[in-house]
Amino acid sequence: MPQSDIGPDGHPKRGGFLPPVPLPRRMWAGGRLEFARPLRVGEVATRRSVIADIASKNARSGPLVFVTVRHEISTDAGRALSEDHDIVYRDLPAPGSAAPPAPIAARDETFARRVVPDDVLLFRYSALTFNGHRIHYDRRYVTGTEGYPGLIVHGPLIATLLLDLLRREHGDAVVTRFDFKAISPLFDLHPFEVCGRADGERRFALWARNHEGGLAMQASAEVA
């Protein structure tokens, strides 16, 4: 994408493919992935993206707009992967306002891993995913302009760590579906935990828990 098409927050400008939502903050709210077949080295793949849904609501923190982007990746053999990507837009917080506390996370995990985020990890994940959003690597911007206390851990990075946790525990499992929803943000200021347990024969409950025991992300994975 040309530099001229990048907005002041490092993301693509609104009003092209993404709708011109006027609210200044935008974050990854969640996603759903279905894996139909493997993508193989040497295959030519095509990605088709559409705006699947736009919805607005009023919350205690103010107005919210949710935009769902649907991606489908296909080859000559058919659909390989589909993803629904939920983006939330919101207003800047009022001066002096405090963020609502995160709900309490479960502690009945049977496997878990402690993660210590830092600015190098967040920068490398931004580079890996070609994500220019400044909330993940520009501390002056995220604290001064958007009013967060520190660099924000990417929602997809947390989701990646949850899937990696499942892979570490059940390396032979083939994931066919993965759903995740962001509940509260994680920052590079404190360690957090990724947790999991079986939730049936072919389903796993996965979640991320912050340093105070609050729920940061909730997810589920189905395996073949």
# chains A, B, ... in the order shown; residues from 1 in each chain; ligands from 1
$ residues_around --residues "stretch 25-41 of chain A" --least-positions-apart "4" --cutoff "8 Å" --atoms "only C-alpha atoms" --output "PyMOL selection string"
chain A and resi 79-92+146+154-156+175-183
$ residues_around --residues "A:Ser184" --least-positions-apart "2" --cutoff "7 Å" --atoms "only C-alpha atoms" --output "ChimeraX atom specification"
/A:102,182,186,215-217
$ select_by_dssp --residues "stretch 78-158 of chain A" --states "strand (DSSP E)" --output "list of chain:residue names"
A:Gly78, A:Arg79, A:Ala80, A:Leu81, A:Ser82, A:Glu83, A:Asp84, A:His85, A:Asp86, A:Ile87, A:Val88, A:Tyr89, A:Arg90, A:Phe111, A:Ala112, A:Arg113, A:Arg114, A:Val115
$ write_last_selection --atoms "C-alpha atoms" --output "short mmCIF file (atom, residue, chain, number, x, y, z; two decimals), in the first residue's frame"
data_model
loop_
_atom_site.label_atom_id
_atom_site.label_comp_id
_atom_site.auth_asym_id
_atom_site.auth_seq_id
_atom_site.Cartn_x
_atom_site.Cartn_y
_atom_site.Cartn_z
CA GLY A 78 -11.27 -24.36 -4.04
CA ARG A 79 -11.56 -22.43 -0.79
CA ALA A 80 -8.70 -23.01 1.63
CA LEU A 81 -9.36 -20.46 4.38
CA SER A 82 -12.06 -17.99 5.37
CA GLU A 83 -11.74 -15.33 8.05
CA ASP A 84 -14.14 -12.83 9.58
CA HIS A 85 -12.21 -9.92 11.07
CA ASP A 86 -14.08 -7.68 13.53
CA ILE A 87 -12.87 -4.09 13.94
CA VAL A 88 -14.26 -1.78 16.65
CA TYR A 89 -14.17 2.01 16.39
CA ARG A 90 -14.64 4.17 19.48
CA PHE A 111 -2.24 -26.04 30.54
CA ALA A 112 -0.89 -22.49 30.47
CA ARG A 113 2.10 -20.34 29.58
CA ARG A 114 3.36 -17.03 30.94
CA VAL A 115 4.17 -14.35 28.35
#
$ select_by_dssp --residues "stretch 41-199 of chain A" --states "alpha helix (DSSP H)" --output "VMD selection string"
chain A and resid 119 to 128 139 to 144 155 to 169
$ write_last_selection --atoms "N, CA, C and O atoms" --output "compact mmCIF listing (two decimals), in the first residue's frame"
# COMPACT_ATOMS: atom_id res chain seq x y z
N ASP A 119 8.51 -4.12 23.86
CA ASP A 119 8.37 -3.37 22.62
C ASP A 119 9.02 -4.05 21.43
O ASP A 119 8.59 -3.86 20.29
N VAL A 120 10.04 -4.88 21.68
CA VAL A 120 10.68 -5.60 20.57
C VAL A 120 9.73 -6.66 20.01
O VAL A 120 9.56 -6.79 18.79
N LEU A 121 9.08 -7.43 20.89
CA LEU A 121 8.11 -8.43 20.45
C LEU A 121 6.99 -7.77 19.64
O LEU A 121 6.62 -8.25 18.56
N LEU A 122 6.46 -6.65 20.13
CA LEU A 122 5.35 -6.00 19.45
C LEU A 122 5.79 -5.42 18.10
O LEU A 122 5.06 -5.51 17.11
N PHE A 123 6.99 -4.85 18.06
CA PHE A 123 7.48 -4.32 16.79
C PHE A 123 7.68 -5.45 15.78
O PHE A 123 7.30 -5.32 14.60
N ARG A 124 8.25 -6.56 16.21
CA ARG A 124 8.50 -7.66 15.28
C ARG A 124 7.19 -8.25 14.75
O ARG A 124 7.09 -8.61 13.58
N TYR A 125 6.16 -8.34 15.62
CA TYR A 125 4.88 -8.86 15.14
C TYR A 125 4.23 -7.87 14.17
O TYR A 125 3.63 -8.28 13.18
N SER A 126 4.36 -6.58 14.45
CA SER A 126 3.85 -5.59 13.51
C SER A 126 4.53 -5.74 12.15
O SER A 126 3.87 -5.67 11.10
N ALA A 127 5.84 -5.92 12.16
CA ALA A 127 6.57 -6.07 10.91
C ALA A 127 6.18 -7.36 10.20
O ALA A 127 5.98 -7.38 8.97
N LEU A 128 6.04 -8.44 10.96
CA LEU A 128 5.68 -9.73 10.36
C LEU A 128 4.33 -9.67 9.67
O LEU A 128 4.15 -10.25 8.58
N ARG A 139 5.30 4.59 21.39
CA ARG A 139 4.84 4.84 22.76
C ARG A 139 4.35 6.28 22.94
O ARG A 139 3.37 6.53 23.64
N ARG A 140 5.01 7.24 22.33
CA ARG A 140 4.57 8.62 22.47
C ARG A 140 3.19 8.82 21.86
O ARG A 140 2.35 9.52 22.43
N TYR A 141 2.93 8.17 20.72
CA TYR A 141 1.63 8.29 20.09
C TYR A 141 0.54 7.62 20.92
O TYR A 141 -0.52 8.20 21.17
N VAL A 142 0.78 6.38 21.36
CA VAL A 142 -0.28 5.63 22.03
C VAL A 142 -0.63 6.23 23.39
O VAL A 142 -1.79 6.20 23.80
N THR A 143 0.35 6.80 24.09
CA THR A 143 0.06 7.40 25.39
C THR A 143 -0.40 8.85 25.26
O THR A 143 -1.30 9.28 25.98
N GLY A 144 0.20 9.60 24.34
CA GLY A 144 -0.11 11.01 24.23
C GLY A 144 -1.34 11.32 23.41
O GLY A 144 -2.15 12.19 23.78
N GLY A 155 -4.27 -7.83 19.20
CA GLY A 155 -5.24 -8.90 19.35
C GLY A 155 -4.84 -10.15 18.59
O GLY A 155 -4.87 -11.26 19.15
N PRO A 156 -4.43 -10.03 17.32
CA PRO A 156 -3.98 -11.23 16.60
C PRO A 156 -2.76 -11.90 17.21
O PRO A 156 -2.60 -13.11 17.09
N LEU A 157 -1.88 -11.12 17.86
CA LEU A 157 -0.73 -11.73 18.52
C LEU A 157 -1.19 -12.58 19.69
O LEU A 157 -0.70 -13.71 19.89
N ILE A 158 -2.14 -12.08 20.48
CA ILE A 158 -2.68 -12.88 21.58
C ILE A 158 -3.33 -14.15 21.02
O ILE A 158 -3.14 -15.25 21.56
N ALA A 159 -4.10 -13.99 19.94
CA ALA A 159 -4.73 -15.16 19.32
C ALA A 159 -3.68 -16.15 18.82
O ALA A 159 -3.83 -17.37 18.97
N THR A 160 -2.61 -15.64 18.23
CA THR A 160 -1.52 -16.51 17.76
C THR A 160 -0.89 -17.26 18.93
O THR A 160 -0.60 -18.47 18.83
N LEU A 161 -0.71 -16.58 20.05
CA LEU A 161 -0.12 -17.23 21.22
C LEU A 161 -1.05 -18.29 21.79
O LEU A 161 -0.59 -19.31 22.31
N LEU A 162 -2.36 -18.07 21.70
CA LEU A 162 -3.31 -19.09 22.16
C LEU A 162 -3.24 -20.33 21.28
O LEU A 162 -3.23 -21.47 21.79
N LEU A 163 -3.18 -20.14 19.97
CA LEU A 163 -3.04 -21.29 19.08
C LEU A 163 -1.69 -21.98 19.28
O LEU A 163 -1.59 -23.21 19.21
N ASP A 164 -0.65 -21.20 19.51
CA ASP A 164 0.66 -21.79 19.77
C ASP A 164 0.64 -22.60 21.05
O ASP A 164 1.28 -23.66 21.13
N LEU A 165 -0.09 -22.13 22.07
CA LEU A 165 -0.23 -22.89 23.30
C LEU A 165 -0.88 -24.24 23.03
O LEU A 165 -0.42 -25.28 23.55
N LEU A 166 -1.93 -24.24 22.21
CA LEU A 166 -2.58 -25.50 21.85
C LEU A 166 -1.63 -26.42 21.09
O LEU A 166 -1.58 -27.63 21.34
N ARG A 167 -0.85 -25.85 20.19
CA ARG A 167 0.12 -26.65 19.43
C ARG A 167 1.16 -27.26 20.34
O ARG A 167 1.57 -28.42 20.17
N ARG A 168 1.63 -26.49 21.34
CA ARG A 168 2.64 -27.00 22.27
C ARG A 168 2.08 -28.17 23.09
O ARG A 168 2.80 -29.11 23.41
N GLU A 169 0.79 -28.08 23.44
CA GLU A 169 0.18 -29.10 24.29
C GLU A 169 -0.32 -30.28 23.49
O GLU A 169 -0.25 -31.43 23.94
$ residues_around --residues "A:Arg48" --least-positions-apart "3" --cutoff "8 Å" --atoms "only C-alpha atoms" --output "list in words"
His71, Glu72 and Ile73 of chain A
$ write_last_selection --atoms "C-alpha atoms" --output "PDB file, in the first residue's frame"
ATOM      1  CA  HIS A  71     -11.509 -12.594   3.718  1.00  0.00           C
ATOM      2  CA  GLU A  72     -11.547 -15.764   1.612  1.00  0.00           C
ATOM      3  CA  ILE A  73      -8.383 -17.377   0.287  1.00  0.00           C
TER       4      ILE A  73
END
$ closest_residue --among "A:Tyr148, A:Glu201, A:Pro22, A:Pro8" --to "A:Pro95" --atoms "only C-alpha atoms"
A:Tyr148
$ closest_residue --among "A:Ala198, A:Leu189, A:Ala77, A:Ala173" --to "A:Pro117" --atoms "only C-alpha atoms"
A:Leu189
$ atom_distance --atom1 "atom CA of A:Gly147" --atom2 "atom CA of A:Ser61"
14.0 Å
$ residues_around --residues "stretch 9-17 of chain A" --least-positions-apart "2" --cutoff "9 Å" --atoms "only C-alpha atoms" --output "PyMOL selection string"
chain A and resi 1+4-7+19-22+24-25+50-51+131-135+141
$ residues_around --residues "A:Gly213" --least-positions-apart "2" --cutoff "12 Å" --atoms "only C-alpha atoms" --output "ChimeraX atom specification"
/A:101-107,184,186,190-195,207-211,215-217
$ closest_residue --among "A:Ala98, A:Pro185, A:Ala45, A:Phe66" --to "A:Gly214" --atoms "only C-alpha atoms"
A:Pro185
$ atom_distance --atom1 "atom CA of A:Lys57" --atom2 "atom CA of A:Ala99"
18.2 Å
$ atom_distance --atom1 "atom CA of A:Val153" --atom2 "atom CA of A:Val116"
10.6 Å
$ closest_residue --among "A:Leu151, A:Val174, A:Arg47, A:Asp188" --to "A:Ala221" --atoms "only C-alpha atoms"
A:Val174
$ decode --residues "stretch 75-109 of chain A" --atoms "N, CA, C and O atoms" --output "PDB file, in the first residue's frame"
ATOM      1  N   THR A  75      -7.678 -21.355  -4.004  1.00  0.00           N
ATOM      2  CA  THR A  75      -6.787 -21.774  -5.085  1.00  0.00           C
ATOM      3  C   THR A  75      -7.650 -22.454  -6.154  1.00  0.00           C
ATOM      4  O   THR A  75      -8.875 -22.500  -6.039  1.00  0.00           O
ATOM      5  N   ASP A  76      -7.010 -23.014  -7.161  1.00  0.00           N
ATOM      6  CA  ASP A  76      -7.765 -23.731  -8.192  1.00  0.00           C
ATOM      7  C   ASP A  76      -8.514 -24.924  -7.606  1.00  0.00           C
ATOM      8  O   ASP A  76      -9.512 -25.383  -8.176  1.00  0.00           O
ATOM      9  N   ALA A  77      -8.052 -25.420  -6.458  1.00  0.00           N
ATOM     10  CA  ALA A  77      -8.707 -26.560  -5.813  1.00  0.00           C
ATOM     11  C   ALA A  77      -9.904 -26.139  -4.962  1.00  0.00           C
ATOM     12  O   ALA A  77     -10.614 -26.997  -4.437  1.00  0.00           O
ATOM     13  N   GLY A  78     -10.136 -24.834  -4.823  1.00  0.00           N
ATOM     14  CA  GLY A  78     -11.275 -24.361  -4.041  1.00  0.00           C
ATOM     15  C   GLY A  78     -10.851 -23.550  -2.833  1.00  0.00           C
ATOM     16  O   GLY A  78      -9.671 -23.206  -2.660  1.00  0.00           O
ATOM     17  N   ARG A  79     -11.810 -23.266  -1.964  1.00  0.00           N
ATOM     18  CA  ARG A  79     -11.561 -22.431  -0.793  1.00  0.00           C
ATOM     19  C   ARG A  79     -10.651 -23.162   0.188  1.00  0.00           C
ATOM     20  O   ARG A  79     -10.884 -24.314   0.526  1.00  0.00           O
ATOM     21  N   ALA A  80      -9.632 -22.445   0.649  1.00  0.00           N
ATOM     22  CA  ALA A  80      -8.703 -23.010   1.633  1.00  0.00           C
ATOM     23  C   ALA A  80      -8.931 -22.428   3.017  1.00  0.00           C
ATOM     24  O   ALA A  80      -8.813 -23.126   4.021  1.00  0.00           O
ATOM     25  N   LEU A  81      -9.271 -21.149   3.096  1.00  0.00           N
ATOM     26  CA  LEU A  81      -9.363 -20.464   4.376  1.00  0.00           C
ATOM     27  C   LEU A  81     -10.368 -19.329   4.264  1.00  0.00           C
ATOM     28  O   LEU A  81     -10.398 -18.610   3.259  1.00  0.00           O
ATOM     29  N   SER A  82     -11.186 -19.168   5.280  1.00  0.00           N
ATOM     30  CA  SER A  82     -12.058 -17.994   5.370  1.00  0.00           C
ATOM     31  C   SER A  82     -11.880 -17.374   6.745  1.00  0.00           C
ATOM     32  O   SER A  82     -11.665 -18.080   7.743  1.00  0.00           O
ATOM     33  N   GLU A  83     -11.953 -16.051   6.792  1.00  0.00           N
ATOM     34  CA  GLU A  83     -11.740 -15.326   8.048  1.00  0.00           C
ATOM     35  C   GLU A  83     -12.709 -14.160   8.130  1.00  0.00           C
ATOM     36  O   GLU A  83     -12.838 -13.379   7.176  1.00  0.00           O
ATOM     37  N   ASP A  84     -13.380 -14.037   9.246  1.00  0.00           N
ATOM     38  CA  ASP A  84     -14.136 -12.834   9.579  1.00  0.00           C
ATOM     39  C   ASP A  84     -13.320 -12.040  10.587  1.00  0.00           C
ATOM     40  O   ASP A  84     -12.924 -12.556  11.640  1.00  0.00           O
ATOM     41  N   HIS A  85     -13.068 -10.790  10.261  1.00  0.00           N
ATOM     42  CA  HIS A  85     -12.205  -9.921  11.068  1.00  0.00           C
ATOM     43  C   HIS A  85     -13.076  -8.778  11.585  1.00  0.00           C
ATOM     44  O   HIS A  85     -13.617  -7.998  10.804  1.00  0.00           O
ATOM     45  N   ASP A  86     -13.242  -8.695  12.899  1.00  0.00           N
ATOM     46  CA  ASP A  86     -14.083  -7.678  13.526  1.00  0.00           C
ATOM     47  C   ASP A  86     -13.223  -6.509  14.001  1.00  0.00           C
ATOM     48  O   ASP A  86     -12.289  -6.697  14.786  1.00  0.00           O
ATOM     49  N   ILE A  87     -13.553  -5.310  13.537  1.00  0.00           N
ATOM     50  CA  ILE A  87     -12.873  -4.087  13.941  1.00  0.00           C
ATOM     51  C   ILE A  87     -13.862  -3.249  14.746  1.00  0.00           C
ATOM     52  O   ILE A  87     -15.030  -3.124  14.367  1.00  0.00           O
ATOM     53  N   VAL A  88     -13.415  -2.677  15.861  1.00  0.00           N
ATOM     54  CA  VAL A  88     -14.264  -1.781  16.646  1.00  0.00           C
ATOM     55  C   VAL A  88     -13.671  -0.379  16.599  1.00  0.00           C
ATOM     56  O   VAL A  88     -12.468  -0.188  16.738  1.00  0.00           O
ATOM     57  N   TYR A  89     -14.539   0.605  16.369  1.00  0.00           N
ATOM     58  CA  TYR A  89     -14.170   2.012  16.387  1.00  0.00           C
ATOM     59  C   TYR A  89     -14.836   2.654  17.606  1.00  0.00           C
ATOM     60  O   TYR A  89     -16.007   2.390  17.892  1.00  0.00           O
ATOM     61  N   ARG A  90     -14.092   3.518  18.300  1.00  0.00           N
ATOM     62  CA  ARG A  90     -14.640   4.174  19.484  1.00  0.00           C
ATOM     63  C   ARG A  90     -14.041   5.556  19.650  1.00  0.00           C
ATOM     64  O   ARG A  90     -13.046   5.896  19.001  1.00  0.00           O
ATOM     65  N   ASP A  91     -14.630   6.351  20.537  1.00  0.00           N
ATOM     66  CA  ASP A  91     -14.159   7.711  20.774  1.00  0.00           C
ATOM     67  C   ASP A  91     -12.993   7.699  21.740  1.00  0.00           C
ATOM     68  O   ASP A  91     -12.726   6.702  22.429  1.00  0.00           O
ATOM     69  N   LEU A  92     -12.276   8.811  21.828  1.00  0.00           N
ATOM     70  CA  LEU A  92     -11.230   8.964  22.822  1.00  0.00           C
ATOM     71  C   LEU A  92     -11.863   9.093  24.195  1.00  0.00           C
ATOM     72  O   LEU A  92     -12.978   9.615  24.342  1.00  0.00           O
ATOM     73  N   PRO A  93     -11.197   8.639  25.248  1.00  0.00           N
ATOM     74  CA  PRO A  93     -11.781   8.726  26.591  1.00  0.00           C
ATOM     75  C   PRO A  93     -11.847  10.166  27.080  1.00  0.00           C
ATOM     76  O   PRO A  93     -11.041  11.016  26.683  1.00  0.00           O
ATOM     77  N   ALA A  94     -12.814  10.439  27.945  1.00  0.00           N
ATOM     78  CA  ALA A  94     -12.887  11.759  28.557  1.00  0.00           C
ATOM     79  C   ALA A  94     -11.704  11.946  29.493  1.00  0.00           C
ATOM     80  O   ALA A  94     -11.223  10.985  30.107  1.00  0.00           O
ATOM     81  N   PRO A  95     -11.188  13.170  29.613  1.00  0.00           N
ATOM     82  CA  PRO A  95     -10.043  13.404  30.521  1.00  0.00           C
ATOM     83  C   PRO A  95     -10.352  12.936  31.945  1.00  0.00           C
ATOM     84  O   PRO A  95     -11.408  13.225  32.496  1.00  0.00           O
ATOM     85  N   GLY A  96      -9.424  12.169  32.504  1.00  0.00           N
ATOM     86  CA  GLY A  96      -9.581  11.698  33.869  1.00  0.00           C
ATOM     87  C   GLY A  96     -10.432  10.461  34.033  1.00  0.00           C
ATOM     88  O   GLY A  96     -10.567   9.950  35.149  1.00  0.00           O
ATOM     89  N   SER A  97     -11.011   9.958  32.945  1.00  0.00           N
ATOM     90  CA  SER A  97     -11.864   8.769  33.059  1.00  0.00           C
ATOM     91  C   SER A  97     -11.005   7.518  33.192  1.00  0.00           C
ATOM     92  O   SER A  97      -9.907   7.438  32.647  1.00  0.00           O
ATOM     93  N   ALA A  98     -11.534   6.531  33.915  1.00  0.00           N
ATOM     94  CA  ALA A  98     -10.812   5.268  34.116  1.00  0.00           C
ATOM     95  C   ALA A  98     -11.447   4.177  33.269  1.00  0.00           C
ATOM     96  O   ALA A  98     -12.666   4.155  33.068  1.00  0.00           O
ATOM     97  N   ALA A  99     -10.624   3.297  32.753  1.00  0.00           N
ATOM     98  CA  ALA A  99     -11.137   2.179  31.967  1.00  0.00           C
ATOM     99  C   ALA A  99     -11.915   1.229  32.870  1.00  0.00           C
ATOM    100  O   ALA A  99     -11.536   1.022  34.036  1.00  0.00           O
ATOM    101  N   PRO A 100     -13.013   0.641  32.378  1.00  0.00           N
ATOM    102  CA  PRO A 100     -13.761  -0.311  33.209  1.00  0.00           C
ATOM    103  C   PRO A 100     -12.910  -1.540  33.507  1.00  0.00           C
ATOM    104  O   PRO A 100     -12.084  -1.947  32.681  1.00  0.00           O
ATOM    105  N   PRO A 101     -13.074  -2.143  34.680  1.00  0.00           N
ATOM    106  CA  PRO A 101     -12.277  -3.324  35.016  1.00  0.00           C
ATOM    107  C   PRO A 101     -12.649  -4.515  34.132  1.00  0.00           C
ATOM    108  O   PRO A 101     -13.808  -4.658  33.719  1.00  0.00           O
ATOM    109  N   ALA A 102     -11.670  -5.345  33.847  1.00  0.00           N
ATOM    110  CA  ALA A 102     -11.920  -6.546  33.057  1.00  0.00           C
ATOM    111  C   ALA A 102     -12.667  -7.565  33.900  1.00  0.00           C
ATOM    112  O   ALA A 102     -12.463  -7.647  35.117  1.00  0.00           O
ATOM    113  N   PRO A 103     -13.551  -8.367  33.290  1.00  0.00           N
ATOM    114  CA  PRO A 103     -14.193  -9.444  34.051  1.00  0.00           C
ATOM    115  C   PRO A 103     -13.147 -10.457  34.526  1.00  0.00           C
ATOM    116  O   PRO A 103     -12.075 -10.585  33.933  1.00  0.00           O
ATOM    117  N   ILE A 104     -13.464 -11.152  35.595  1.00  0.00           N
ATOM    118  CA  ILE A 104     -12.532 -12.120  36.159  1.00  0.00           C
ATOM    119  C   ILE A 104     -12.388 -13.321  35.215  1.00  0.00           C
ATOM    120  O   ILE A 104     -13.384 -13.862  34.727  1.00  0.00           O
ATOM    121  N   ALA A 105     -11.156 -13.713  34.962  1.00  0.00           N
ATOM    122  CA  ALA A 105     -10.884 -14.847  34.077  1.00  0.00           C
ATOM    123  C   ALA A 105     -10.956 -16.159  34.849  1.00  0.00           C
ATOM    124  O   ALA A 105     -10.707 -16.204  36.062  1.00  0.00           O
ATOM    125  N   ALA A 106     -11.272 -17.222  34.136  1.00  0.00           N
ATOM    126  CA  ALA A 106     -11.308 -18.560  34.738  1.00  0.00           C
ATOM    127  C   ALA A 106      -9.915 -18.986  35.186  1.00  0.00           C
ATOM    128  O   ALA A 106      -8.897 -18.520  34.659  1.00  0.00           O
ATOM    129  N   ARG A 107      -9.884 -19.895  36.157  1.00  0.00           N
ATOM    130  CA  ARG A 107      -8.621 -20.449  36.649  1.00  0.00           C
ATOM    131  C   ARG A 107      -8.645 -21.979  36.642  1.00  0.00           C
ATOM    132  O   ARG A 107      -7.936 -22.618  37.411  1.00  0.00           O
ATOM    133  N   ASP A 108      -9.475 -22.543  35.759  1.00  0.00           N
ATOM    134  CA  ASP A 108      -9.571 -23.995  35.696  1.00  0.00           C
ATOM    135  C   ASP A 108      -8.784 -24.569  34.519  1.00  0.00           C
ATOM    136  O   ASP A 108      -9.096 -25.644  34.006  1.00  0.00           O
ATOM    137  N   GLU A 109      -7.746 -23.861  34.088  1.00  0.00           N
ATOM    138  CA  GLU A 109      -6.946 -24.342  32.964  1.00  0.00           C
ATOM    139  C   GLU A 109      -6.195 -25.616  33.331  1.00  0.00           C
ATOM    140  O   GLU A 109      -5.860 -25.838  34.506  1.00  0.00           O
TER     141      GLU A 109
END
